[in-house]
Amino acid sequence: MDQLTESLSRLLPNLLTQPVGLTHYLLVGSVLFVTGILCMATKRNVLGVLMGIELVLNGANVNFVAFASPVLRADGQNAIGLDGHLIAMFVIILAAAEAAVALAIALNYYNNHATVDVDQGDELKG
Amino acid sequence: MEPIINWHSFFFLFFALVTCCFAVAVVVAGNVVRMACYLVVSLGAVSGLFFLAGADFVGAMQLMIYVGGTMVLLVFGVMLTAKGPFVSLETGAGNWILAVLIGGSLVAILVQTLVSVDDWFGPEGRRHEVAHTTDGNHAVDAMHGAPSEAIETKTGKSDTGAHTATPIGLGLLGVRVDKLSQENERLRGGMSGYLLPFEIVSVHLLVVLIGAAYLARARRRGSEISEKDLSAELRKEN
């Protein structure tokens with residue numbers, strides 16, 4: 001616990017004067033990820049759930065791109081370089097494809113149940 | 001002595017705050033249209049974070065694919081599943097003033113950038129009265145406006161800033177230009193490019209296009225009733 005508070009207190013001062021590091025990017029990625037999970041869990045609108053999925057994938061992308069940069073860390077030669085960029089590209093492509101199919105499913109759900117409330121879809125129909 | 005602002009950190013802080021605050025706003029907002037708008041802003045700020053981390057190609061693709069594609073798709077979905085009539089489509093005066101301010105400042109930045117390159121002013125470049133101190137080979141010829149001045153290039157390549165687009169493109173074709181020599185034999189096996197995932201993702205996109213078009217096809221009302229009758233008859237036979 002003391003180490004956690006000490007690490008956090010090292011992040012806050014001189015945010016405007018010191019160069020930004022990998023830790024700051026990972027913080028943003030984790031906030032996006034958790035926010036996306038909250039959105040997926042709490043929204044009753046099926047399109048809200050889809051937006052949560054997009055937030056989760058973007059959090060992962062921020063992590064990949066941050067690990068790919070050699071200037072954000074003290075041991076720059078350990079950065080994964082182009083691999084991180086390419087993985088982020090594939091995640092973007094797959095997320096767009098998955099959003100298209102998920103929207104088609106959402107449209108079908110709306111046409112069959114006359115609502116976008118996912119809580120109403122609790123009976124299996126033939 | 002007062003510390004000078006590190007502009008990279010300043011812009012990182014700005015984009016990070018916009019991203020996180022608008023992501024939280026997506027969760028908190030009740031109206032699904034507002035959620036979509038907040039998500040668009042959040043993803044645009046994530047693209048800014050990508051540019052700050054040196055991922056220029058991924059940042060540009062994020063803007064094009066996410067903001068320009070996926071979000072438009074989501075807004076279409078919101079529209080097609082809307083319950084009530086839409087509100088009035090008039091743009092208020094305050095919105096007009098804000099839009100003109102933002103658009104005007106963006107135009108100012110763009111114009112200031114593009115007039116700053118002397119070589120782009122025509123075949124002879126821009127003639128200066130004062131000799132440049134940085135380009136010694138142009139200093140005297142500028143007054144005469146010799147045509148050879150346009151052909152003569154400065155030493156060193158011009159830095160356009162797009163450093164990762166070519167390596168990514170070549171990596172997708174199977175050539176890893178960032179790891180050209182690898183002494184370790186075991187590691188060299190992993191130095192192949194991303195050609196196979198590229199092909200797999202291409203086929204995946206084709207399948208998704210066909211599948212989504214089939215799933216979201218427009219149905220006539222009669223066909224739904226006939227499917228129910230068909231299943232009822234099948235159950236009676238069993």
# chains A, B, ... in the order shown; residues from 1 in each chain; ligands from 1
>>> interface_residues(of="chain A", to="chain B", cutoff="7 Å", atoms="only C-alpha atoms", output="list in words")
Leu15, Leu16, Thr17, Gln18, Pro19, Val20, Val28, Val31, Leu32, Thr35, Cys39, Gly48, Val65, Ala66, Ser69, His85, Leu86, Met89, Ala96, Ala97, Ala99, Ala100, Val101, Leu103, Ala104, Ile105, Leu107, Asn108 and Tyr110 of chain A
>>> select_by_dssp(residues="range 73-117 of chain A", states="helix (DSSP H, G or I)", output="PyMOL selection string")
chain A and resi 76-78+82-113
>>> residues_around(residues="Val34 in chain A", least_positions_apart="3", cutoff="9 Å", atoms="only C-alpha atoms", output="PyMOL selection string")
chain A and resi 29-31+37-39+55-56+59
>>> write_last_selection(atoms="N, CA and C atoms", output="tab-separated table (two decimals), in the first residue's frame")
chain	number	residue	atom	x	y	z
A	29	GLY	N	-4.98	3.63	-20.70
A	29	GLY	CA	-5.51	2.38	-21.25
A	29	GLY	C	-6.37	1.65	-20.24
A	30	SER	N	-5.93	1.64	-18.98
A	30	SER	CA	-6.70	0.91	-17.97
A	30	SER	C	-8.00	1.62	-17.66
A	31	VAL	N	-7.98	2.96	-17.64
A	31	VAL	CA	-9.23	3.70	-17.40
A	31	VAL	C	-10.22	3.42	-18.51
A	37	ILE	N	-15.85	-1.83	-19.64
A	37	ILE	CA	-16.48	-2.97	-18.97
A	37	ILE	C	-17.70	-2.51	-18.19
A	38	LEU	N	-17.59	-1.34	-17.53
A	38	LEU	CA	-18.75	-0.80	-16.81
A	38	LEU	C	-19.89	-0.51	-17.77
A	39	CYS	N	-19.52	0.03	-18.94
A	39	CYS	CA	-20.55	0.34	-19.93
A	39	CYS	C	-21.23	-0.93	-20.41
A	55	LEU	N	-14.92	0.75	-26.39
A	55	LEU	CA	-14.03	1.36	-25.39
A	55	LEU	C	-12.99	0.36	-24.91
A	56	VAL	N	-13.41	-0.89	-24.70
A	56	VAL	CA	-12.47	-1.91	-24.23
A	56	VAL	C	-11.36	-2.11	-25.25
A	59	GLY	N	-8.91	0.71	-25.27
A	59	GLY	CA	-7.98	0.65	-24.15
A	59	GLY	C	-6.82	-0.30	-24.45
>>> atom_distance(atom1="CA of Ala68 in chain A", atom2="CA of Leu82 in chain A")
6.4 Å
>>> atom_distance(atom1="CA of Ala88 in chain A", atom2="CA of Phe33 in chain A")
14.9 Å
